[in-house]
file my_file-v4.cif (mmCIF, C-alpha atoms and all ligand atoms)
data_upload
loop_
_atom_site.label_atom_id
_atom_site.label_comp_id
_atom_site.auth_asym_id
_atom_site.auth_seq_id
_atom_site.Cartn_x
_atom_site.Cartn_y
_atom_site.Cartn_z
CA MET A 1 43.89 29.10 -158.30
CA GLU A 2 47.20 28.44 -156.65
CA ILE A 3 50.09 30.78 -157.33
CA SER A 4 53.46 29.35 -158.22
CA LYS A 5 56.12 28.64 -155.59
CA ARG A 6 58.26 31.25 -157.29
CA ALA A 7 55.60 33.93 -156.86
CA ALA A 8 54.80 32.84 -153.32
CA GLY A 9 58.45 33.28 -152.39
CA VAL A 10 58.67 36.92 -153.49
CA LYS A 11 58.39 39.44 -150.65
CA PRO A 12 56.80 42.81 -151.32
CA SER A 13 59.26 45.68 -151.72
CA PRO A 14 59.40 47.41 -148.31
CA THR A 15 60.20 50.80 -149.85
CA LEU A 16 57.24 50.64 -152.21
CA THR A 17 54.94 49.21 -149.52
CA LEU A 18 55.77 52.12 -147.23
CA ASP A 19 55.27 54.60 -150.06
CA ARG A 20 51.84 53.20 -150.76
CA GLU A 21 50.95 53.71 -147.08
CA VAL A 22 52.31 57.27 -147.10
CA LYS A 23 50.35 58.09 -150.26
CA SER A 24 47.12 56.76 -148.79
CA LEU A 25 47.63 58.63 -145.47
CA THR A 26 48.39 61.82 -147.41
CA ALA A 27 45.32 61.34 -149.61
CA ALA A 28 43.26 60.96 -146.43
CA GLY A 29 44.45 64.39 -145.30
CA HIS A 30 47.32 63.49 -142.96
CA ASP A 31 50.44 65.64 -143.07
CA ILE A 32 53.27 63.14 -143.39
CA VAL A 33 56.93 64.16 -143.61
CA ASN A 34 58.24 61.64 -146.07
CA PHE A 35 61.73 60.40 -145.24
CA GLY A 36 60.64 57.11 -146.79
CA ILE A 37 61.02 56.49 -150.48
CA GLY A 38 64.18 57.45 -152.31
CA GLU A 39 62.74 59.90 -154.77
CA PRO A 40 64.01 63.40 -155.55
CA ASP A 41 61.28 65.97 -154.85
CA PHE A 42 62.53 68.10 -157.78
CA ASP A 43 60.52 68.28 -160.97
CA THR A 44 62.01 66.69 -164.05
CA PRO A 45 63.95 69.49 -165.83
CA ASP A 46 61.82 71.45 -168.32
CA PHE A 47 64.04 70.75 -171.32
CA VAL A 48 63.51 67.02 -170.76
CA ILE A 49 59.74 67.45 -170.69
CA GLU A 50 59.88 69.64 -173.82
CA GLN A 51 61.90 66.99 -175.61
CA ALA A 52 59.36 64.33 -174.68
CA ILE A 53 56.48 66.46 -175.97
CA SER A 54 58.15 67.21 -179.26
CA ALA A 55 59.12 63.55 -179.65
CA LEU A 56 55.46 62.64 -179.21
CA HIS A 57 54.41 65.12 -181.87
CA GLY A 58 57.18 63.75 -184.05
CA GLY A 59 55.66 60.27 -183.91
CA ALA A 60 57.49 58.64 -180.97
CA THR A 61 54.48 56.48 -180.34
CA LYS A 62 55.58 53.18 -181.86
CA TYR A 63 57.67 50.21 -180.78
CA THR A 64 61.39 50.73 -180.89
CA ALA A 65 64.15 48.12 -180.91
CA THR A 66 63.91 46.09 -177.68
CA GLU A 67 67.24 47.47 -176.50
CA GLY A 68 66.26 51.09 -177.11
CA THR A 69 66.52 53.61 -179.93
CA PRO A 70 69.88 54.16 -181.63
CA GLY A 71 69.76 57.75 -180.32
CA LEU A 72 69.32 56.74 -176.69
CA ARG A 73 71.93 54.01 -176.91
CA LEU A 74 74.42 56.46 -178.39
CA ALA A 75 73.60 58.90 -175.56
CA ILE A 76 74.18 56.13 -173.01
CA ARG A 77 77.54 55.24 -174.55
CA THR A 78 78.63 58.87 -174.71
CA TYR A 79 77.51 59.41 -171.11
CA LEU A 80 79.45 56.38 -169.87
CA GLU A 81 82.53 57.52 -171.74
CA ARG A 82 82.32 61.09 -170.41
CA GLN A 83 81.12 60.50 -166.85
CA VAL A 84 82.55 57.10 -165.96
CA GLY A 85 85.48 56.75 -168.35
CA LEU A 86 84.19 53.53 -169.91
CA SER A 87 83.81 52.91 -173.60
CA TYR A 88 81.24 50.48 -174.99
CA GLY A 89 80.26 49.40 -178.48
CA PRO A 90 76.71 49.59 -179.87
CA ASP A 91 75.99 45.94 -179.00
CA GLU A 92 77.20 46.40 -175.40
CA VAL A 93 74.48 48.71 -174.05
CA MET A 94 70.73 48.50 -173.62
CA ALA A 95 67.90 50.59 -172.19
CA THR A 96 65.49 49.08 -169.66
CA VAL A 97 62.37 49.96 -167.67
CA GLY A 98 64.29 51.62 -164.82
CA ALA A 99 67.54 50.45 -163.25
CA LYS A 100 65.55 47.86 -161.29
CA HIS A 101 64.68 46.14 -164.56
CA ALA A 102 68.29 46.30 -165.74
CA LEU A 103 69.32 44.51 -162.53
CA ALA A 104 66.60 41.88 -162.99
CA ASN A 105 67.65 41.26 -166.60
CA ALA A 106 71.30 40.97 -165.58
CA LEU A 107 70.58 38.47 -162.80
CA LEU A 108 68.32 36.39 -165.05
CA ALA A 109 71.10 36.36 -167.64
CA LEU A 110 73.88 35.40 -165.20
CA VAL A 111 72.47 33.27 -162.37
CA ASN A 112 72.01 29.49 -162.65
CA PRO A 113 69.89 27.58 -160.12
CA GLY A 114 71.86 27.15 -156.90
CA ASP A 115 74.44 29.83 -157.67
CA GLY A 116 75.57 32.00 -154.77
CA VAL A 117 75.80 35.76 -155.21
CA LEU A 118 77.78 37.84 -152.71
CA VAL A 119 75.86 40.87 -151.46
CA PRO A 120 77.52 43.29 -149.03
CA ALA A 121 75.03 44.30 -146.32
CA PRO A 122 73.28 46.62 -145.73
CA TYR A 123 72.01 46.19 -149.28
CA TRP A 124 69.27 47.68 -151.40
CA VAL A 125 66.00 45.85 -150.74
CA SER A 126 65.49 44.31 -154.18
CA TYR A 127 68.84 42.53 -154.59
CA PRO A 128 68.08 39.42 -152.50
CA GLU A 129 64.60 39.03 -153.96
CA GLN A 130 65.83 39.37 -157.54
CA ILE A 131 68.65 36.88 -156.90
CA ARG A 132 66.20 34.35 -155.46
CA PHE A 133 63.78 34.95 -158.32
CA ALA A 134 66.58 34.03 -160.71
CA GLY A 135 67.11 30.79 -158.76
CA GLY A 136 70.22 31.91 -156.89
CA THR A 137 71.07 32.34 -153.23
CA PRO A 138 72.20 35.66 -151.79
CA VAL A 139 75.34 35.29 -149.65
CA PHE A 140 75.48 38.29 -147.37
CA VAL A 141 78.67 40.01 -146.32
CA ALA A 142 78.21 41.83 -143.03
CA THR A 143 79.62 45.31 -142.40
CA SER A 144 79.20 47.52 -139.34
CA ALA A 145 78.40 51.12 -138.51
CA GLU A 146 81.72 51.30 -136.64
CA ARG A 147 83.50 50.68 -139.96
CA GLY A 148 81.27 53.13 -141.80
CA TYR A 149 79.42 50.20 -143.40
CA ARG A 150 82.46 49.53 -145.56
CA PHE A 151 83.58 46.01 -146.33
CA ALA A 152 87.13 44.82 -146.86
CA VAL A 153 88.12 42.15 -149.35
CA GLN A 154 88.79 39.83 -146.38
CA ASP A 155 85.05 39.99 -145.58
CA LEU A 156 84.30 38.77 -149.10
CA GLU A 157 86.90 36.02 -148.74
CA ARG A 158 85.31 34.82 -145.50
CA ALA A 159 81.82 34.73 -147.02
CA TYR A 160 82.97 33.07 -150.27
CA THR A 161 82.03 29.45 -150.93
CA GLY A 162 82.60 27.30 -153.99
CA ARG A 163 79.01 27.96 -155.11
CA VAL A 164 79.50 31.71 -155.42
CA ARG A 165 79.49 32.85 -159.05
CA GLY A 166 79.22 36.61 -158.75
CA LEU A 167 78.76 39.68 -156.60
CA ILE A 168 76.66 42.82 -156.55
CA LEU A 169 78.38 46.09 -155.72
CA ASN A 170 76.52 49.33 -155.06
CA SER A 171 78.64 52.45 -154.68
CA PRO A 172 77.43 54.89 -153.43
CA ASN A 173 75.34 52.47 -151.43
CA ASN A 174 71.63 52.53 -150.76
CA PRO A 175 70.92 52.66 -147.78
CA THR A 176 74.26 53.67 -146.20
CA GLY A 177 75.74 56.12 -148.71
CA ALA A 178 79.12 54.33 -148.38
CA ILE A 179 81.49 54.60 -151.34
CA ILE A 180 83.93 51.82 -152.16
CA ASP A 181 87.41 53.37 -152.05
CA PRO A 182 89.88 52.75 -154.92
CA GLU A 183 92.14 50.40 -152.92
CA THR A 184 89.24 48.18 -151.86
CA GLN A 185 87.98 48.25 -155.43
CA GLU A 186 91.34 47.01 -156.71
CA ALA A 187 91.38 44.24 -154.11
CA VAL A 188 87.78 43.25 -154.93
CA ALA A 189 88.69 43.16 -158.61
CA ARG A 190 91.58 40.77 -157.90
CA PHE A 191 89.27 38.68 -155.72
CA ALA A 192 86.73 38.45 -158.58
CA MET A 193 89.34 37.68 -161.24
CA ASP A 194 91.06 35.00 -159.12
CA ARG A 195 87.74 33.18 -158.67
CA ASP A 196 86.35 33.93 -162.14
CA LEU A 197 83.33 35.79 -160.74
CA TRP A 198 81.05 38.19 -162.58
CA VAL A 199 80.21 41.57 -161.02
CA ILE A 200 77.04 43.61 -161.25
CA SER A 201 77.96 47.20 -160.40
CA ASP A 202 74.92 49.32 -159.52
CA GLU A 203 76.06 52.89 -160.08
CA ILE A 204 72.72 54.68 -159.93
CA TYR A 205 73.99 57.19 -157.31
CA HIS A 206 77.32 57.73 -159.08
CA ARG A 207 76.77 61.48 -159.57
CA LEU A 208 75.28 62.19 -156.14
CA VAL A 209 78.41 62.34 -153.98
CA TYR A 210 79.50 64.68 -151.18
CA GLY A 211 83.23 64.14 -150.80
CA PRO A 212 85.12 61.27 -152.41
CA GLN A 213 84.13 60.45 -155.99
CA ALA A 214 82.73 57.02 -156.81
CA THR A 215 84.58 55.16 -159.55
CA SER A 216 83.45 52.11 -161.50
CA ILE A 217 85.05 48.74 -160.85
CA ALA A 218 84.70 48.13 -164.58
CA ARG A 219 87.63 50.54 -165.04
CA VAL A 220 90.04 48.31 -163.13
CA ALA A 221 92.24 46.42 -165.61
CA GLY A 222 90.67 43.09 -166.53
CA MET A 223 87.25 43.92 -165.06
CA ARG A 224 85.37 45.44 -167.96
CA ASP A 225 84.69 42.04 -169.49
CA ARG A 226 83.31 40.50 -166.30
CA THR A 227 81.22 43.47 -165.13
CA VAL A 228 77.70 44.63 -165.97
CA VAL A 229 77.34 48.34 -165.15
CA ILE A 230 73.83 49.42 -164.13
CA ASN A 231 72.65 53.02 -164.13
CA GLY A 232 69.67 55.15 -165.09
CA VAL A 233 68.11 58.59 -165.08
CA SER A 234 65.76 58.16 -162.09
CA LYS A 235 67.91 59.71 -159.37
CA SER A 236 70.38 62.05 -161.09
CA TYR A 237 67.77 63.71 -163.31
CA ALA A 238 64.69 63.52 -161.05
CA MET A 239 63.02 61.12 -163.50
CA THR A 240 61.80 58.27 -161.29
CA GLY A 241 58.42 58.02 -162.99
CA TRP A 242 59.79 57.89 -166.53
CA ARG A 243 61.25 54.45 -165.86
CA ILE A 244 64.45 54.45 -167.88
CA GLY A 245 67.53 52.58 -166.74
CA PHE A 246 70.39 51.08 -168.67
CA ALA A 247 73.02 48.38 -168.60
CA ALA A 248 76.46 48.15 -170.21
CA GLY A 249 78.70 45.13 -170.34
CA PRO A 250 80.21 42.40 -172.50
CA ALA A 251 78.14 41.77 -175.65
CA PRO A 252 77.19 38.13 -174.87
CA VAL A 253 75.63 39.16 -171.53
CA ILE A 254 73.91 42.28 -172.87
CA GLN A 255 72.59 40.31 -175.86
CA ALA A 256 71.20 37.67 -173.47
CA MET A 257 69.56 40.44 -171.45
CA ILE A 258 68.06 41.86 -174.65
CA ARG A 259 66.66 38.42 -175.54
CA ILE A 260 65.06 38.18 -172.09
CA GLN A 261 63.65 41.69 -172.36
CA GLY A 262 62.38 40.91 -175.86
CA GLN A 263 60.23 38.13 -174.46
CA MET A 264 59.17 39.92 -171.28
CA THR A 265 58.50 43.61 -171.91
CA SER A 266 59.85 44.69 -175.32
CA ASN A 267 61.26 48.23 -175.41
CA PRO A 268 60.89 50.73 -172.57
CA ALA A 269 58.30 53.44 -173.38
CA THR A 270 59.32 55.26 -176.55
CA ILE A 271 58.50 58.72 -175.20
CA ALA A 272 60.49 58.08 -172.02
CA GLN A 273 63.46 57.00 -174.13
CA ALA A 274 63.38 60.35 -175.94
CA ALA A 275 63.26 62.16 -172.60
CA ALA A 276 66.16 60.13 -171.18
CA GLU A 277 68.22 60.83 -174.30
CA ALA A 278 67.81 64.57 -173.72
CA ALA A 279 68.71 64.21 -170.03
CA LEU A 280 71.87 62.20 -170.70
CA GLN A 281 73.02 64.69 -173.34
CA SER A 282 72.54 67.70 -171.07
CA GLN A 283 75.25 69.86 -169.54
CA GLU A 284 77.02 68.93 -166.33
CA GLY A 285 75.27 71.79 -164.50
CA VAL A 286 71.87 70.09 -164.52
CA VAL A 287 72.90 67.28 -162.19
CA GLU A 288 75.32 69.48 -160.25
CA ALA A 289 72.55 71.91 -159.27
CA MET A 290 70.54 69.07 -157.74
CA ARG A 291 73.58 67.45 -156.15
CA ALA A 292 74.46 70.72 -154.41
CA ARG A 293 70.96 70.96 -152.99
CA PHE A 294 71.12 67.38 -151.74
CA GLN A 295 74.38 68.28 -150.04
CA ALA A 296 72.76 71.19 -148.18
CA ARG A 297 69.88 68.94 -147.14
CA ARG A 298 72.32 66.28 -145.96
CA THR A 299 73.86 68.87 -143.62
CA VAL A 300 70.45 69.81 -142.19
CA MET A 301 69.59 66.15 -141.70
CA LEU A 302 72.90 65.26 -140.04
CA GLN A 303 72.79 68.30 -137.73
CA GLY A 304 69.27 67.39 -136.69
CA LEU A 305 70.05 63.73 -136.10
CA ALA A 306 73.04 64.67 -133.95
CA ARG A 307 70.54 65.87 -131.33
CA PHE A 308 69.41 62.28 -130.74
CA PRO A 309 72.13 60.60 -128.71
CA HIS A 310 70.50 57.17 -128.84
CA LEU A 311 70.80 57.02 -132.61
CA GLN A 312 73.99 55.98 -134.37
CA THR A 313 74.42 58.00 -137.52
CA VAL A 314 77.09 57.37 -140.15
CA PRO A 315 77.40 60.39 -142.47
CA PRO A 316 76.80 59.21 -146.04
CA ASP A 317 79.38 59.96 -148.75
CA GLY A 318 76.81 59.65 -151.50
CA ALA A 319 73.15 58.96 -152.46
CA PHE A 320 70.45 60.73 -150.42
CA TYR A 321 69.91 58.52 -147.41
CA VAL A 322 71.12 58.35 -143.85
CA PHE A 323 71.13 54.89 -142.34
CA VAL A 324 70.67 55.22 -138.62
CA GLY A 325 71.45 52.51 -136.07
CA THR A 326 68.82 52.19 -133.35
CA ALA A 327 70.47 49.71 -130.94
CA GLY A 328 70.89 52.61 -128.50
CA LEU A 329 67.13 52.56 -127.97
CA ARG A 330 67.21 49.09 -126.41
CA GLY A 331 65.28 49.28 -123.20
CA GLN A 332 62.78 51.82 -124.52
CA VAL A 333 59.49 50.13 -125.30
CA TRP A 334 56.23 51.02 -126.95
CA GLN A 335 53.22 48.79 -126.41
CA GLY A 336 55.56 46.17 -125.09
CA LYS A 337 57.79 46.31 -128.17
CA SER A 338 61.36 47.53 -128.28
CA LEU A 339 61.88 50.85 -130.05
CA ALA A 340 65.34 49.59 -131.00
CA HIS A 341 63.60 47.42 -133.57
CA GLY A 342 63.51 49.48 -136.76
CA ALA A 343 60.05 48.20 -137.73
CA VAL A 344 58.61 49.25 -134.35
CA LEU A 345 60.29 52.64 -134.42
CA ALA A 346 59.15 53.26 -138.01
CA HIS A 347 55.60 52.34 -137.05
CA VAL A 348 55.64 54.70 -134.06
CA LEU A 349 57.20 57.54 -136.04
CA LEU A 350 54.60 57.20 -138.78
CA ASN A 351 51.55 56.80 -136.58
CA GLU A 352 52.46 59.03 -133.65
CA CYS A 353 54.63 61.70 -135.30
CA GLY A 354 53.58 61.68 -138.96
CA VAL A 355 57.12 60.88 -140.13
CA ALA A 356 57.76 58.09 -142.65
CA VAL A 357 61.08 56.23 -142.43
CA VAL A 358 61.98 52.81 -143.84
CA PRO A 359 62.72 50.05 -141.29
CA GLY A 360 66.23 48.66 -141.63
CA GLY A 361 65.15 45.00 -141.85
CA GLY A 362 64.58 45.11 -145.61
CA PHE A 363 68.18 46.33 -145.99
CA GLY A 364 69.52 43.51 -143.82
CA GLU A 365 69.82 45.41 -140.52
CA PRO A 366 66.74 45.15 -138.26
CA GLU A 367 68.09 47.57 -135.64
CA ALA A 368 68.15 50.56 -137.97
CA ILE A 369 65.99 52.93 -139.97
CA ARG A 370 66.68 54.69 -143.26
CA LEU A 371 65.86 58.35 -143.76
CA SER A 372 65.81 59.91 -147.21
CA PHE A 373 66.84 63.55 -147.40
CA ALA A 374 65.44 64.05 -150.90
CA GLN A 375 63.08 66.61 -149.34
CA GLY A 376 63.07 70.39 -148.93
CA GLU A 377 65.07 71.65 -145.96
CA ASP A 378 61.99 72.97 -144.15
CA ARG A 379 60.36 69.59 -144.38
CA ILE A 380 63.52 67.95 -143.07
CA ARG A 381 63.54 70.33 -140.08
CA GLU A 382 59.86 69.67 -139.48
CA GLY A 383 60.37 65.90 -139.61
CA LEU A 384 63.29 66.05 -137.19
CA LYS A 385 61.27 68.23 -134.81
CA ARG A 386 58.48 65.67 -134.84
CA MET A 387 60.93 62.84 -134.25
CA GLY A 388 62.13 64.72 -131.19
CA GLN A 389 58.76 63.98 -129.60
CA ILE A 390 59.95 60.49 -128.90
CA LEU A 391 63.70 60.58 -129.49
CA SER A 392 65.05 63.66 -127.73
CA SER A 393 67.70 63.02 -125.10
CA THR A 394 65.33 64.03 -122.35
CA ALA A 395 62.69 61.55 -123.47
CA THR A 396 61.74 59.06 -120.81
CA PRO A 397 61.18 55.48 -121.86
CA VAL A 398 57.92 55.30 -123.74
CA ASP A 399 55.61 52.45 -122.83
CA GLU A 400 52.14 53.61 -123.71
CA PRO A 401 50.60 54.74 -126.96
CA GLY A 402 49.26 58.25 -126.69
CA MET A 403 52.22 59.42 -124.57
CA VAL A 404 53.55 60.97 -127.70
CA ALA A 405 52.26 64.45 -128.48
CA GLU A 406 49.88 64.62 -131.42
CA SER A 407 51.49 65.88 -134.56
CA SER A 408 49.79 68.24 -136.95
N1 LIG A 501 69.43 50.53 -157.49
C1 LIG A 501 69.38 51.22 -156.35
C2 LIG A 501 70.53 51.12 -155.41
C3 LIG A 501 68.27 52.00 -156.04
O1 LIG A 501 68.24 52.70 -154.90
C4 LIG A 501 67.20 52.04 -156.94
C5 LIG A 501 65.95 52.80 -156.55
N2 LIG A 501 65.60 53.71 -157.43
C6 LIG A 501 67.30 51.32 -158.12
C7 LIG A 501 68.42 50.57 -158.37
C8 LIG A 501 66.21 51.30 -159.14
O2 LIG A 501 66.09 52.51 -159.83
P1 LIG A 501 64.93 52.75 -160.89
O3 LIG A 501 63.95 53.63 -160.21
O4 LIG A 501 65.61 53.43 -162.05
O5 LIG A 501 64.37 51.44 -161.25
N1 LIG A 502 65.15 52.90 -154.77
C1 LIG A 502 64.28 53.78 -154.05
C2 LIG A 502 64.35 53.49 -152.58
O1 LIG A 502 65.19 52.76 -152.15
C3 LIG A 502 62.91 53.75 -154.66
C4 LIG A 502 62.00 52.63 -154.25
C5 LIG A 502 62.41 51.29 -154.80
O2 LIG A 502 62.43 51.14 -156.02
O3 LIG A 502 62.74 50.46 -153.98
O4 LIG A 502 63.58 54.03 -151.83
#
call {"tool": "encode", "arguments": {"input": "my_file-v4.cif", "output": "structure tokens", "more": "lines below"}}
Ligand code: PMP
Ligand code: GLU
result
Amino acid sequence: MEISKRAAGVKPSPTLTLDREVKSLTAAGHDIVNFGIGEPDFDTPDFVIEQAISALHGGATKYTATEGTPGLRLAIRTYLERQVGLSYGPDEVMATVGAKHALANALLALVNPGDGVLVPAPYWVSYPEQIRFAGGTPVFVATSAERGYRFAVQDLERAYTGRVRGLILNSPNNPTGAIIDPETQEAVARFAMDRDLWVISDEIYHRLVYGPQATSIARVAGMRDRTVVINGVSKSYAMTGWRIGFAAGPAPVIQAMIRIQGQMTSNPATIAQAAAEAALQSQEGVVEAMRARFQARRTVMLQGLARFPHLQTVPPDGAFYVFVGTAGLRGQVWQGKSLAHGAVLAHVLLNECGVAVVPGGGFGEPEAIRLSFAQGEDRIREGLKRMGQILSSTATPVDEPGMVAESS
């Protein structure tokens, strides 16, 4: 059997591929410090689990409406009103199987074959693949560590071509943690309105911020009706495995997304919808407690990384990743390969030090690695100590495997 050209063109997700490797090494008895996948180590809050159990006993075992239960959709609307300052009607929101699925639905609903979609880089790994899957072409907008991985509207203008129909924004950004400031947001909004572009605004890290707040571009006058807001419970409520995301936007787009979902997956799991409803209705303190712990971990991670002068670290304003430039390692080689290459460094760190990091290539920056600090502080310290085996300032250029001390 021959697979379709569409399937053949899809690359595996680098974050999930790495996580599979980490899980199999861990199952084989290796002690891996996991700075890889972006997944809170916290347990899902108890009240969410209790709600799911009682929903099950109450019969939440059947199909629901494709777009989610009325209860969950009301909770989503109330949440968006309270947390983001956006008000949506009942036919303007839907629940999906994780935020990833909401993004896929949105792109399938908006992209025509040949359309260009502007994507500021570094970008989250799945955007380019999902755009291509929908028949579009990602048009990348470069940023730099020197500018804190922030883009200006002039960068969008330079990258714009007549084929561009929309753009994906992600603030706070995965992998850099950069937040789009209000002035840039206003300018981007004008840029989008002048060219009649749609915007997909991925706000999954909206609550996990460490200084400036992130605001939604959908709140800028004139933008609500050309923006699809994407969010979910995975990150803020430590609910990655429950697979509930959501989308909000103009009714014609959301209704198209619901039609697509109705033919592809039907409703997200009924029990998970009940759990997400409880999470979204919970008090502010639930997310705040986790955010504060991420902030403490961020400090430990940044202090530790500061010991490695060859690495270029930009402190993140949000999310739970540090994106680290590795160009300073040019000239250091391992088995004939440059350690400045994120894929090489990630391979060495995993196999020689027992530390999992994601190579930057999948985010659009090959000379970089991404470290997640969604880990306990002791594990972060342990991981940084292990990294020191090859990265400390006194390290001599490495050119042989086995030079690196064995990790536990
Ligand atoms: N957007 C971004 C920027 C992400 O980092 C992720 C990863 N969780 C997602 C979307 C997808 O989230 P979910 O797990 O809810 O599908
Ligand atoms: N979004 C997380 C990450 O970037 C989870 C993995 C994924 O869905 O890509 O690591």
call {"tool": "residues_near_ligand", "arguments": {"input": "my_file-v4.cif", "ligand": "ligand LIG 502 (chain A)", "cutoff": "7 Å", "atoms": "only C-alpha atoms and all ligand atoms", "output": "MDAnalysis selection string"}}
result
chainID A and resid 13 15:16 36:39 100 124:126 174
call {"tool": "residues_near_point", "arguments": {"input": "my_file-v4.cif", "point": "(70.7, 58.4, -130.9)", "cutoff": "9 Å", "atoms": "all atoms listed in the file", "output": "PyMOL selection string"}}
result
chain A and resi 305-313+324-329+391-393
call {"tool": "residues_around", "arguments": {"input": "my_file-v4.cif", "residues": "region 356-373 of chain A", "least_positions_apart": "3", "cutoff": "9 Å", "atoms": "all atoms listed in the file", "output": "JSON, numbers by chain"}}
result
{"A": [13, 14, 15, 18, 19, 22, 32, 33, 34, 35, 36, 37, 38, 39, 40, 121, 122, 123, 124, 125, 126, 140, 142, 174, 175, 176, 294, 297, 298, 300, 301, 311, 312, 320, 321, 322, 323, 324, 325, 326, 327, 339, 340, 341, 342, 343, 344, 345, 346, 347, 349, 350, 351, 353, 376, 377, 380, 383]}
call {"tool": "residues_near_ligand", "arguments": {"input": "my_file-v4.cif", "ligand": "ligand LIG 501 (chain A)", "cutoff": "9 Å", "atoms": "all atoms listed in the file", "output": "CSV table (one decimal) with C-alpha atoms, in the coordinates of the input"}}
result
chain,number,residue,atom,x,y,z
A,37,ILE,CA,61.0,56.5,-150.5
A,38,GLY,CA,64.2,57.4,-152.3
A,39,GLU,CA,62.7,59.9,-154.8
A,96,THR,CA,65.5,49.1,-169.7
A,97,VAL,CA,62.4,50.0,-167.7
A,98,GLY,CA,64.3,51.6,-164.8
A,99,ALA,CA,67.5,50.4,-163.2
A,100,LYS,CA,65.6,47.9,-161.3
A,101,HIS,CA,64.7,46.1,-164.6
A,102,ALA,CA,68.3,46.3,-165.7
A,103,LEU,CA,69.3,44.5,-162.5
A,123,TYR,CA,72.0,46.2,-149.3
A,124,TRP,CA,69.3,47.7,-151.4
A,125,VAL,CA,66.0,45.8,-150.7
A,126,SER,CA,65.5,44.3,-154.2
A,127,TYR,CA,68.8,42.5,-154.6
A,170,ASN,CA,76.5,49.3,-155.1
A,171,SER,CA,78.6,52.4,-154.7
A,172,PRO,CA,77.4,54.9,-153.4
A,173,ASN,CA,75.3,52.5,-151.4
A,174,ASN,CA,71.6,52.5,-150.8
A,175,PRO,CA,70.9,52.7,-147.8
A,202,ASP,CA,74.9,49.3,-159.5
A,203,GLU,CA,76.1,52.9,-160.1
A,204,ILE,CA,72.7,54.7,-159.9
A,205,TYR,CA,74.0,57.2,-157.3
A,230,ILE,CA,73.8,49.4,-164.1
A,231,ASN,CA,72.6,53.0,-164.1
A,232,GLY,CA,69.7,55.2,-165.1
A,233,VAL,CA,68.1,58.6,-165.1
A,234,SER,CA,65.8,58.2,-162.1
A,235,LYS,CA,67.9,59.7,-159.4
A,239,MET,CA,63.0,61.1,-163.5
A,240,THR,CA,61.8,58.3,-161.3
A,241,GLY,CA,58.4,58.0,-163.0
A,242,TRP,CA,59.8,57.9,-166.5
A,243,ARG,CA,61.2,54.4,-165.9
A,244,ILE,CA,64.4,54.4,-167.9
A,245,GLY,CA,67.5,52.6,-166.7
A,246,PHE,CA,70.4,51.1,-168.7
A,319,ALA,CA,73.2,59.0,-152.5
call {"tool": "atom_distance", "arguments": {"input": "my_file-v4.cif", "atom1": "CA of Ala159 (chain A)", "atom2": "CA of Val139 (chain A)"}}
result
7.0 Å
call {"tool": "closest_residue", "arguments": {"input": "my_file-v4.cif", "among": "A:Glu92, A:Asp115, A:Asp181, A:Glu157", "to": "Thr227 (chain A)", "atoms": "all atoms listed in the file"}}
result
A:Glu92
call {"tool": "atom_distance", "arguments": {"input": "my_file-v4.cif", "atom1": "CA of Ser282 (chain A)", "atom2": "CA of Ala374 (chain A)"}}
result
21.7 Å
call {"tool": "atom_distance", "arguments": {"input": "my_file-v4.cif", "atom1": "CA of Ala274 (chain A)", "atom2": "CA of Ala52 (chain A)"}}
result
5.8 Å
call {"tool": "closest_atom_pairs", "arguments": {"input": "my_file-v4.cif", "of": "region 252-316 of chain A", "to": "region 55-60 of chain A", "cutoff": "12 Å", "atoms": "only C-alpha atoms", "output": "Markdown table"}}
result
| residue | atom | partner | partner_atom | distance |
| --- | --- | --- | --- | --- |
| A:Ala269 | CA | A:Ala60 | CA | 9.2 |
| A:Thr270 | CA | A:Ala60 | CA | 5.9 |
| A:Ile271 | CA | A:Ala60 | CA | 5.9 |
| A:Ala272 | CA | A:Ala60 | CA | 9.5 |
| A:Gln273 | CA | A:Ala60 | CA | 9.2 |
| A:Ala274 | CA | A:Ala55 | CA | 6.5 |
| A:Ala275 | CA | A:Ala55 | CA | 8.3 |
| A:Ala276 | CA | A:Ala55 | CA | 11.5 |
| A:Glu277 | CA | A:Ala55 | CA | 10.9 |
| A:Ala278 | CA | A:Ala55 | CA | 10.6 |
